[in-house]
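**Q** Contents of protein32.cif (mmCIF, C-alpha atoms (C1' of nucleotides)):
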```cif
data_run
loop_
_atom_site.group_PDB
_atom_site.id
_atom_site.type_symbol
_atom_site.label_atom_id
_atom_site.label_comp_id
_atom_site.auth_asym_id
_atom_site.auth_seq_id
_atom_site.Cartn_x
_atom_site.Cartn_y
_atom_site.Cartn_z
ATOM 1 C CA MET R 90 178.045 37.147 47.199
ATOM 2 C CA SER R 91 180.702 39.840 46.977
ATOM 3 C CA THR R 92 184.253 38.640 47.264
ATOM 4 C CA ASP R 93 187.099 40.976 48.100
ATOM 5 C CA LEU R 94 189.900 39.905 45.811
ATOM 6 C CA HIS R 95 192.332 42.284 47.449
ATOM 7 C CA HIS R 96 191.697 41.124 50.946
ATOM 8 C CA THR R 97 194.555 41.482 53.390
ATOM 9 C CA PRO R 98 194.689 40.778 57.119
ATOM 10 C CA GLU R 99 194.522 44.515 57.854
ATOM 11 C CA SER R 100 191.682 45.339 55.491
ATOM 12 C CA ALA R 101 188.231 46.009 56.823
ATOM 13 C CA PRO R 102 185.757 43.124 56.657
ATOM 14 C CA ALA R 103 183.232 43.235 53.848
ATOM 15 C CA THR R 104 180.500 43.812 56.383
ATOM 16 C CA THR R 105 180.214 45.868 59.534
ATOM 17 C CA PRO R 106 181.442 43.916 62.554
ATOM 18 C CA PRO R 107 178.667 43.044 64.977
ATOM 19 C CA ARG R 108 178.144 45.360 67.934
ATOM 20 C CA ALA R 109 179.281 44.050 71.298
ATOM 21 C CA ALA R 110 175.853 44.303 72.863
ATOM 22 C CA ALA R 111 174.338 42.263 70.049
ATOM 23 C CA LEU R 112 176.666 39.371 70.827
ATOM 24 C CA HIS R 113 176.518 39.166 74.602
ATOM 25 C CA GLU R 114 173.024 37.840 75.110
ATOM 26 C CA PRO R 115 172.990 35.149 72.422
ATOM 27 C CA VAL R 116 176.445 33.837 73.312
ATOM 28 C CA ILE R 117 175.857 33.810 77.067
ATOM 29 C CA GLY R 118 172.380 32.355 76.535
ATOM 30 C CA TRP R 119 173.864 29.613 74.399
ATOM 31 C CA PHE R 120 176.438 28.931 77.121
ATOM 32 C CA ASP R 121 173.751 28.632 79.779
ATOM 33 C CA ALA R 122 172.039 25.972 77.685
ATOM 34 C CA HIS R 123 175.028 24.060 76.311
ATOM 35 C CA ALA R 124 178.032 24.430 78.592
ATOM 36 C CA ARG R 125 179.749 21.180 79.514
ATOM 37 C CA ASP R 126 179.569 20.105 83.128
ATOM 38 C CA LEU R 127 183.297 20.187 83.846
ATOM 39 C CA PRO R 128 184.588 19.569 87.385
ATOM 40 C CA TRP R 129 186.490 22.830 87.578
ATOM 41 C CA ARG R 130 183.352 24.744 86.618
ATOM 42 C CA ARG R 131 181.066 23.394 89.302
ATOM 43 C CA PRO R 132 179.910 25.779 92.032
ATOM 44 C CA ASP R 133 181.907 23.906 94.659
ATOM 45 C CA ALA R 134 185.130 24.025 92.633
ATOM 46 C CA GLY R 135 187.730 26.203 94.300
ATOM 47 C CA ALA R 136 190.416 28.369 92.774
ATOM 48 C CA TRP R 137 192.984 25.602 93.226
ATOM 49 C CA SER R 138 190.869 23.262 91.127
ATOM 50 C CA VAL R 139 190.607 25.939 88.455
ATOM 51 C CA MET R 140 194.331 26.567 88.565
ATOM 52 C CA ILE R 141 195.208 22.881 88.223
ATOM 53 C CA SER R 142 192.853 22.613 85.276
ATOM 54 C CA GLU R 143 194.351 25.645 83.569
ATOM 55 C CA PHE R 144 197.863 24.259 83.795
ATOM 56 C CA MET R 145 196.789 20.872 82.507
ATOM 57 C CA LEU R 146 194.724 22.354 79.701
ATOM 58 C CA GLN R 147 197.664 24.276 78.254
ATOM 59 C CA GLN R 148 197.901 22.449 74.930
ATOM 60 C CA THR R 149 196.196 19.284 76.198
ATOM 61 C CA PRO R 150 192.583 18.307 75.343
ATOM 62 C CA VAL R 151 189.868 18.262 78.015
ATOM 63 C CA VAL R 152 189.159 14.533 77.764
ATOM 64 C CA ARG R 153 192.723 13.664 78.675
ATOM 65 C CA VAL R 154 192.877 16.199 81.493
ATOM 66 C CA LEU R 155 189.690 15.015 83.226
ATOM 67 C CA PRO R 156 190.989 11.887 85.014
ATOM 68 C CA VAL R 157 194.359 13.373 85.958
ATOM 69 C CA HIS R 158 192.777 16.526 87.314
ATOM 70 C CA GLU R 159 190.554 14.415 89.544
ATOM 71 C CA GLN R 160 193.543 12.440 90.851
ATOM 72 C CA TRP R 161 195.563 15.569 91.572
ATOM 73 C CA LEU R 162 192.772 17.290 93.448
ATOM 74 C CA ALA R 163 192.094 14.189 95.536
ATOM 75 C CA ARG R 164 195.763 13.754 96.348
ATOM 76 C CA TRP R 165 196.644 17.414 96.811
ATOM 77 C CA PRO R 166 193.443 19.235 97.855
ATOM 78 C CA ARG R 167 195.297 22.457 98.647
ATOM 79 C CA PRO R 168 198.379 24.153 97.171
ATOM 80 C CA ALA R 169 200.328 23.477 100.379
ATOM 81 C CA ASP R 170 199.718 19.739 99.981
ATOM 82 C CA LEU R 171 201.394 19.731 96.591
ATOM 83 C CA ALA R 172 204.148 22.032 97.804
ATOM 84 C CA ALA R 173 204.983 19.495 100.513
ATOM 85 C CA GLU R 174 205.640 16.810 97.901
ATOM 86 C CA SER R 175 208.789 16.324 95.874
ATOM 87 C CA PRO R 176 208.728 17.800 92.373
ATOM 88 C CA GLY R 177 209.371 14.302 91.041
ATOM 89 C CA GLU R 178 206.043 13.110 92.406
ATOM 90 C CA ALA R 179 204.319 15.916 90.542
ATOM 91 C CA VAL R 180 206.090 14.847 87.347
ATOM 92 C CA ARG R 181 205.120 11.227 87.937
ATOM 93 C CA ALA R 182 201.480 12.077 88.635
ATOM 94 C CA TRP R 183 201.421 14.215 85.513
ATOM 95 C CA GLY R 184 201.434 10.942 83.609
ATOM 96 C CA ARG R 185 201.166 11.262 79.860
ATOM 97 C CA LEU R 186 199.594 14.705 79.642
ATOM 98 C CA GLY R 187 202.654 15.949 77.796
ATOM 99 C CA TYR R 188 204.907 18.966 78.336
ATOM 100 C CA PRO R 189 205.951 17.767 81.820
ATOM 101 C CA ARG R 190 207.678 21.049 82.604
ATOM 102 C CA ARG R 191 204.143 22.203 83.385
ATOM 103 C CA ALA R 192 204.079 19.763 86.298
ATOM 104 C CA LEU R 193 207.286 21.246 87.624
ATOM 105 C CA ARG R 194 205.945 24.770 87.263
ATOM 106 C CA LEU R 195 202.649 23.934 88.927
ATOM 107 C CA HIS R 196 204.592 22.411 91.797
ATOM 108 C CA ALA R 197 206.700 25.559 92.047
ATOM 109 C CA ALA R 198 203.595 27.743 91.828
ATOM 110 C CA ALA R 199 202.079 25.776 94.712
ATOM 111 C CA GLY R 200 205.228 26.462 96.724
ATOM 112 C CA ALA R 201 205.011 30.181 96.011
ATOM 113 C CA ILE R 202 201.323 30.233 96.943
ATOM 114 C CA ALA R 203 202.063 28.436 100.204
ATOM 115 C CA GLN R 204 204.917 30.789 101.009
ATOM 116 C CA ARG R 205 203.796 34.180 99.781
ATOM 117 C CA HIS R 206 200.015 33.965 99.669
ATOM 118 C CA GLY R 207 199.087 32.146 102.835
ATOM 119 C CA GLY R 208 198.181 29.030 100.888
ATOM 120 C CA GLU R 209 195.430 30.759 98.916
ATOM 121 C CA VAL R 210 195.492 31.147 95.140
ATOM 122 C CA PRO R 211 195.796 34.920 94.657
ATOM 123 C CA HIS R 212 192.922 36.946 93.180
ATOM 124 C CA ASP R 213 195.109 39.607 91.675
ATOM 125 C CA HIS R 214 196.121 39.312 88.038
ATOM 126 C CA ALA R 215 199.634 40.659 88.616
ATOM 127 C CA GLU R 216 200.244 38.289 91.506
ATOM 128 C CA LEU R 217 199.014 35.370 89.436
ATOM 129 C CA LEU R 218 201.219 36.419 86.548
ATOM 130 C CA ALA R 219 204.243 36.341 88.843
ATOM 131 C CA LEU R 220 203.752 32.621 89.503
ATOM 132 C CA PRO R 221 205.829 30.126 87.508
ATOM 133 C CA GLY R 222 203.957 28.681 84.543
ATOM 134 C CA VAL R 223 201.314 31.409 84.669
ATOM 135 C CA GLY R 224 201.279 33.626 81.596
ATOM 136 C CA GLU R 225 198.893 36.231 80.287
ATOM 137 C CA TYR R 226 196.160 33.761 79.464
ATOM 138 C CA THR R 227 196.302 31.641 82.624
ATOM 139 C CA ALA R 228 196.403 34.660 84.941
ATOM 140 C CA ALA R 229 193.281 36.068 83.296
ATOM 141 C CA ALA R 230 191.555 32.691 83.247
ATOM 142 C CA VAL R 231 192.100 31.992 86.946
ATOM 143 C CA ALA R 232 191.083 35.507 87.983
ATOM 144 C CA SER R 233 187.995 35.331 85.791
ATOM 145 C CA PHE R 234 186.828 31.730 86.279
ATOM 146 C CA ALA R 235 187.789 31.290 89.903
ATOM 147 C CA TYR R 236 187.036 34.761 91.219
ATOM 148 C CA GLY R 237 184.637 36.318 88.728
ATOM 149 C CA ARG R 238 186.990 39.152 87.875
ATOM 150 C CA ARG R 239 186.747 41.155 84.654
ATOM 151 C CA HIS R 240 189.648 40.279 82.372
ATOM 152 C CA ILE R 241 190.407 39.759 78.708
ATOM 153 C CA VAL R 242 190.684 35.999 78.392
ATOM 154 C CA LEU R 243 192.317 35.306 75.044
ATOM 155 C CA ASP R 244 192.970 31.660 74.388
ATOM 156 C CA THR R 245 193.031 29.865 71.065
ATOM 157 C CA ASN R 246 189.251 29.290 71.166
ATOM 158 C CA VAL R 247 188.329 32.886 71.875
ATOM 159 C CA ARG R 248 190.825 34.150 69.324
ATOM 160 C CA ARG R 249 189.278 31.958 66.656
ATOM 161 C CA VAL R 250 185.737 33.053 67.525
ATOM 162 C CA PHE R 251 186.714 36.721 67.292
ATOM 163 C CA ALA R 252 188.721 36.144 64.115
ATOM 164 C CA ARG R 253 185.600 34.803 62.464
ATOM 165 C CA VAL R 254 182.716 36.694 64.020
ATOM 166 C CA VAL R 255 184.394 40.102 64.199
ATOM 167 C CA THR R 256 187.287 40.150 61.752
ATOM 168 C CA GLY R 257 185.821 37.847 59.139
ATOM 169 C CA VAL R 258 188.789 35.525 58.660
ATOM 170 C CA ALA R 259 188.993 31.772 59.121
ATOM 171 C CA HIS R 260 191.840 31.722 61.646
ATOM 172 C CA PRO R 261 193.598 34.099 64.036
ATOM 173 C CA PRO R 262 197.284 35.039 63.542
ATOM 174 C CA ASN R 263 199.937 32.643 64.837
ATOM 175 C CA ALA R 264 200.755 34.869 67.787
ATOM 176 C CA THR R 265 198.373 37.070 69.750
ATOM 177 C CA THR R 266 198.425 40.628 68.404
ATOM 178 C CA ALA R 267 197.632 44.043 69.832
ATOM 179 C CA ALA R 268 194.710 44.224 67.412
ATOM 180 C CA GLU R 269 193.223 41.098 68.921
ATOM 181 C CA ARG R 270 193.564 42.529 72.413
ATOM 182 C CA ARG R 271 191.794 45.692 71.292
ATOM 183 C CA THR R 272 188.990 43.685 69.747
ATOM 184 C CA ALA R 273 188.603 41.600 72.888
ATOM 185 C CA ALA R 274 188.681 44.687 75.108
ATOM 186 C CA GLY R 275 186.003 46.352 73.030
ATOM 187 C CA LEU R 276 183.717 43.347 73.377
ATOM 188 C CA LEU R 277 184.219 42.761 77.099
ATOM 189 C CA PRO R 278 180.990 43.469 79.010
ATOM 190 C CA ALA R 279 181.278 46.341 81.480
ATOM 191 C CA ASP R 280 179.680 44.444 84.327
ATOM 192 C CA GLU R 281 182.177 42.239 86.149
ATOM 193 C CA ALA R 282 180.001 39.160 86.569
ATOM 194 C CA THR R 283 178.817 39.364 82.973
ATOM 195 C CA ALA R 284 182.396 39.755 81.770
ATOM 196 C CA ALA R 285 183.406 36.547 83.556
ATOM 197 C CA ARG R 286 180.425 34.752 82.034
ATOM 198 C CA TRP R 287 181.324 36.111 78.615
ATOM 199 C CA ALA R 288 184.894 34.845 78.900
ATOM 200 C CA ALA R 289 183.751 31.311 79.673
ATOM 201 C CA ALA R 290 181.021 31.447 77.042
ATOM 202 C CA THR R 291 183.219 32.594 74.166
ATOM 203 C CA MET R 292 185.796 29.960 75.048
ATOM 204 C CA GLU R 293 183.169 27.230 75.133
ATOM 205 C CA LEU R 294 181.697 28.414 71.843
ATOM 206 C CA GLY R 295 185.102 28.061 70.229
ATOM 207 C CA ALA R 296 185.651 24.651 71.762
ATOM 208 C CA LEU R 297 182.288 23.142 70.826
ATOM 209 C CA VAL R 298 180.877 25.021 67.824
ATOM 210 C CA CYS R 299 183.345 27.424 66.243
ATOM 211 C CA THR R 300 186.006 24.734 65.970
ATOM 212 C CA ALA R 301 189.211 24.935 63.968
ATOM 213 C CA ARG R 302 188.519 22.195 61.484
ATOM 214 C CA SER R 303 184.806 21.890 60.785
ATOM 215 C CA PRO R 304 182.793 24.586 62.520
ATOM 216 C CA GLN R 305 179.177 23.767 63.301
ATOM 217 C CA CYS R 306 177.748 27.058 62.124
ATOM 218 C CA GLY R 307 174.252 25.584 62.193
ATOM 219 C CA GLN R 308 174.527 25.431 65.964
ATOM 220 C CA CYS R 309 176.056 28.872 66.399
ATOM 221 C CA PRO R 310 174.005 31.497 68.243
ATOM 222 C CA VAL R 311 175.656 34.323 66.295
ATOM 223 C CA ALA R 312 175.967 32.770 62.840
ATOM 224 C CA ALA R 313 173.660 35.425 61.404
ATOM 225 C CA LEU R 314 176.015 38.164 62.636
ATOM 226 C CA CYS R 315 179.282 36.398 61.832
ATOM 227 C CA ALA R 316 181.520 38.478 59.567
ATOM 228 C CA TRP R 317 183.261 35.355 58.250
ATOM 229 C CA ARG R 318 179.992 33.698 57.235
ATOM 230 C CA LEU R 319 178.655 36.903 55.757
ATOM 231 C CA ALA R 320 181.812 37.071 53.652
ATOM 232 C CA GLY R 321 181.167 33.560 52.365
ATOM 233 C CA SER R 322 183.464 31.689 54.784
ATOM 234 C CA PRO R 323 186.667 32.462 52.856
ATOM 235 C CA ALA R 324 189.585 30.044 53.270
ATOM 236 C CA HIS R 325 192.612 30.961 55.344
ATOM 237 C CA GLU R 326 195.072 33.352 53.740
ATOM 238 C CA GLY R 327 198.525 34.428 54.684
ATOM 239 C CA PRO R 328 201.391 32.485 56.216
ATOM 240 C CA PRO R 329 200.814 28.790 56.892
ATOM 241 C CA ARG R 330 199.695 28.021 60.390
ATOM 242 C CA ARG R 331 202.498 26.707 62.530
ATOM 243 C CA GLY R 332 202.751 22.976 62.331
ATOM 244 C CA GLN R 333 204.610 20.979 64.946
ATOM 245 C CA SER R 334 206.978 18.261 63.880
ATOM 246 C CA TYR R 335 207.667 15.542 66.355
ATOM 247 C CA ALA R 336 209.010 12.263 65.010
ATOM 248 C CA GLY R 337 212.753 12.064 65.503
ATOM 249 C CA THR R 338 213.031 15.278 67.495
ATOM 250 C CA ASP R 339 214.638 15.759 70.874
ATOM 251 C CA ARG R 340 211.136 16.118 72.241
ATOM 252 C CA GLN R 341 210.335 12.565 71.299
ATOM 253 C CA VAL R 342 213.541 11.324 72.890
ATOM 254 C CA ARG R 343 212.889 13.300 76.063
ATOM 255 C CA GLY R 344 209.432 11.782 76.187
ATOM 256 C CA ARG R 345 210.817 8.264 75.915
ATOM 257 C CA LEU R 346 213.436 8.845 78.591
ATOM 258 C CA LEU R 347 211.037 10.450 81.009
ATOM 259 C CA ALA R 348 208.511 7.651 80.506
ATOM 260 C CA VAL R 349 211.126 5.216 81.800
ATOM 261 C CA LEU R 350 211.776 7.377 84.860
ATOM 262 C CA ARG R 351 208.074 7.836 85.598
ATOM 263 C CA ALA R 352 207.435 4.112 85.453
ATOM 264 C CA SER R 353 210.182 3.258 87.901
ATOM 265 C CA PRO R 354 209.688 3.738 91.652
ATOM 266 C CA THR R 355 213.452 3.434 92.057
ATOM 267 C CA PRO R 356 216.372 5.129 90.273
ATOM 268 C CA VAL R 357 217.137 3.730 86.838
ATOM 269 C CA SER R 358 220.423 2.793 85.251
ATOM 270 C CA GLN R 359 222.006 4.351 82.195
ATOM 271 C CA SER R 360 221.454 1.103 80.277
ATOM 272 C CA ALA R 361 217.718 1.222 80.911
ATOM 273 C CA LEU R 362 217.664 4.697 79.373
ATOM 274 C CA ASP R 363 219.973 3.689 76.528
ATOM 275 C CA SER R 364 217.504 1.058 75.395
ATOM 276 C CA VAL R 365 214.796 3.525 74.395
ATOM 277 C CA TRP R 366 216.706 5.459 71.711
ATOM 278 C CA HIS R 367 219.274 4.318 69.196
ATOM 279 C CA ASP R 368 221.280 7.465 68.576
ATOM 280 C CA PRO R 369 223.707 7.973 71.490
ATOM 281 C CA VAL R 370 224.417 11.599 70.640
ATOM 282 C CA GLN R 371 220.795 12.631 70.569
ATOM 283 C CA ARG R 372 220.052 10.499 73.598
ATOM 284 C CA ALA R 373 222.760 12.188 75.632
ATOM 285 C CA ARG R 374 221.619 15.614 74.545
ATOM 286 C CA ALA R 375 218.025 14.861 75.492
ATOM 287 C CA LEU R 376 219.061 13.585 78.888
ATOM 288 C CA ASP R 377 221.204 16.671 79.419
ATOM 289 C CA THR R 378 218.337 19.018 78.740
ATOM 290 C CA LEU R 379 216.036 17.026 80.999
ATOM 291 C CA VAL R 380 218.566 17.472 83.788
ATOM 292 C CA GLU R 381 218.924 21.168 82.945
ATOM 293 C CA ASP R 382 215.161 21.560 83.112
ATOM 294 C CA GLY R 383 215.063 19.918 86.518
ATOM 295 C CA LEU R 384 212.954 17.026 85.281
ATOM 296 C CA VAL R 385 215.668 14.461 85.924
ATOM 297 C CA GLU R 386 218.184 14.176 88.738
ATOM 298 C CA PRO R 387 221.518 12.496 88.047
ATOM 299 C CA LEU R 388 222.919 10.380 90.850
ATOM 300 C CA ALA R 389 226.377 8.882 91.012
ATOM 301 C CA ASP R 390 227.485 6.072 88.678
ATOM 302 C CA GLY R 391 225.203 6.828 85.743
ATOM 303 C CA VAL R 392 221.983 6.369 87.694
ATOM 304 C CA TYR R 393 219.025 8.711 87.306
ATOM 305 C CA ARG R 394 215.722 9.437 88.995
ATOM 306 C CA LEU R 395 212.894 11.950 89.067
ATOM 307 C CA PRO R 396 213.836 15.007 91.169
ATOM 308 C CA VAL R 397 213.420 14.809 94.931
ATOM 309 C "C1'" DC P 251 209.514 37.024 67.531
ATOM 310 C "C1'" DA P 252 210.435 32.322 66.260
ATOM 311 C "C1'" DC P 253 211.196 28.288 68.376
ATOM 312 C "C1'" DA P 254 211.310 24.420 71.861
ATOM 313 C "C1'" DC P 255 208.482 21.904 74.523
ATOM 314 C "C1'" DG P 256 204.736 15.764 74.749
ATOM 315 C "C1'" DT P 257 201.105 13.105 73.626
ATOM 316 C "C1'" DG P 258 197.359 11.008 71.283
ATOM 317 C "C1'" DG P 259 192.962 11.274 68.721
ATOM 318 C "C1'" DA P 260 190.679 12.698 64.484
ATOM 319 C "C1'" DT P 261 190.566 13.287 59.525
ATOM 320 C "C1'" DT X 39 200.181 7.428 56.301
ATOM 321 C "C1'" DA X 40 200.643 12.403 57.008
ATOM 322 C "C1'" DT X 41 198.923 16.362 58.971
ATOM 323 C "C1'" DC X 42 196.314 18.950 62.063
ATOM 324 C "C1'" DC X 43 195.068 20.226 66.431
ATOM 325 C "C1'" DA X 44 194.338 20.578 71.696
ATOM 326 C "C1'" DA X 45 192.093 26.352 77.685
ATOM 327 C "C1'" DG X 46 200.260 28.339 76.377
ATOM 328 C "C1'" DT X 47 204.709 29.582 78.589
ATOM 329 C "C1'" DG X 48 209.477 30.804 78.617
ATOM 330 C "C1'" DT X 49 213.416 32.291 76.234
#
```
Written as structure tokens, that's how I'd like the structure from this file.

**A**
Amino acid sequence: MSTDLHHTPESAPATTPPRAAALHEPVIGWFDAHARDLPWRRPDAGAWSVMISEFMLQQTPVVRVLPVHEQWLARWPRPADLAAESPGEAVRAWGRLGYPRRALRLHAAAGAIAQRHGGEVPHDHAELLALPGVGEYTAAAVASFAYGRRHIVLDTNVRRVFARVVTGVAHPPNATTAAERRTAAGLLPADEATAARWAAATMELGALVCTARSPQCGQCPVAALCAWRLAGSPAHEGPPRRGQSYAGTDRQVRGRLLAVLRASPTPVSQSALDSVWHDPVQRARALDTLVEDGLVEPLADGVYRLPV
DNA sequence: CACACGTGGAT
DNA sequence: TATCCAAGTGT
């Protein structure tokens, strides 16, 4: 086994990266045999179902999204149904998925779809991107998964698969780079339907086999072509991967405060909020930012509620 | 571009 | 127990 002692992120892999065409069939074939049966992937799933799932899946695992996604779709079958609700109800129904600003943005996106797009989730990438809460990834994902369009879908799973198979490193950079976009563009099948299949397949491969912690290379359809394996599965180099701290942060306080509001069908008093965090300064700051974000609505006399 | 932004399960 | 990680977006 030859080890490159002077390896840097920009250096060429020790072996030739696999050709695009050599990857398509095994990866898509693997997907056909092993893809999970997720509600938003079923033939009868509409674009709205896909869009709800994409919002919920931003930084939240599939198993926790499943039940909430089902509830949302049953309660708000079309974008206009959600748009007709108060934003507070969206925040409440978001439950404990985390990052509740996503609920607010999905509610706002539903409003924009009802107003500007005749109630239909747009097909066009640029129009999707213009919606609140829809970034580069989500716009591509909705266009590709819901409408079969040909787009570069670069999420954390796909980035990790390409980092290993093509670039030969254990993990992708912290932020998406131009080099990654070039790699993804070079691998994207020319045929539109195949490209959409490829996007879903590479994402699923990263989620189920080419995982962050302990990849199941024995199950991987392209293990024999994988630049990382061929290089001896070298450990991660470079800057430490971004860790998230949580205990004691404003985020934790915001979470506590919002949990109180979600649980109460009626406005809550200042004292009810005061009871969930000891430090009055941090508590006040957290409440302030929740109000700024539109997640909490202050009423008169130190009473608060979810936004109407 | 680095950082804020929730929550909970796995190791 | 501490850390890592999960289909990112907005600033």

**Q** For a test of reading the model, state the distance in Å between atom CA of Pro176 of chain R and atom CA of Ala201 of chain R, rounded to one decimal.

**A** 13.4 Å

**Q** I'd like a table as a Markdown table: residues in chain R with an atom no more than 8 Å from chain P, each row giving the shortest atom pair and its distance in Å to one decimal, all atoms listed in the file counted, sorted by chain and rising residue number.

**A**
```
| residue | atom | partner | partner_atom | distance |
| --- | --- | --- | --- | --- |
| R:Arg185 | CA | P:DT257 | C1' | 6.5 |
| R:Leu186 | CA | P:DT257 | C1' | 6.4 |
| R:Gly187 | CA | P:DG256 | C1' | 3.7 |
| R:Tyr188 | CA | P:DG256 | C1' | 4.8 |
| R:Pro189 | CA | P:DG256 | C1' | 7.4 |
| R:Arg340 | CA | P:DC255 | C1' | 6.8 |
| R:Gln341 | CA | P:DG256 | C1' | 7.3 |
| R:Gly344 | CA | P:DG256 | C1' | 6.3 |
```

**Q** Would you list which chain X residues are within 7 Å of chain R using only C-alpha atoms (C1' of nucleotides), as a list in words?

**A**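 Residues of chain X within 7 Å of chain R, counting only C-alpha atoms (C1' of nucleotides): DA44, DA45, DG46 and DT47 of chain X.
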
**Q** Report, in Å with one decimal, the straight-line distance from atom CA of Thr105 of chain R to atom CA of Ser322 of chain R.

**A**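 We find that atom CA of Thr105 of chain R and atom CA of Ser322 of chain R lie 15.3 Å from each other.
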
**Q** Just how far from atom CA of Ala232 of chain R is atom CA of Pro132 of chain R, in Å to one decimal?

**A** 15.4 Å

**Q** With distances taken over all atoms listed in the file, which residue among R:Trp366, R:Tyr236, R:Tyr393, R:Tyr335 lies nearest DT41 of chain X?

**A**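 Ranked by minimum distance to DT41 of chain X, first place goes to R:Tyr335.
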
**Q** Enclose the full set of atoms of chain X listed in the file within a box whose edges lie along x, y and z, apply 4 Å of padding to each of the six sides, and report centre and edge lengths in Å to one decimal as AutoDock Vina command-line options.

**A**
```
--center_x 202.8 --center_y 19.9 --center_z 67.5 --size_x 29.3 --size_y 32.9 --size_z 30.3
```
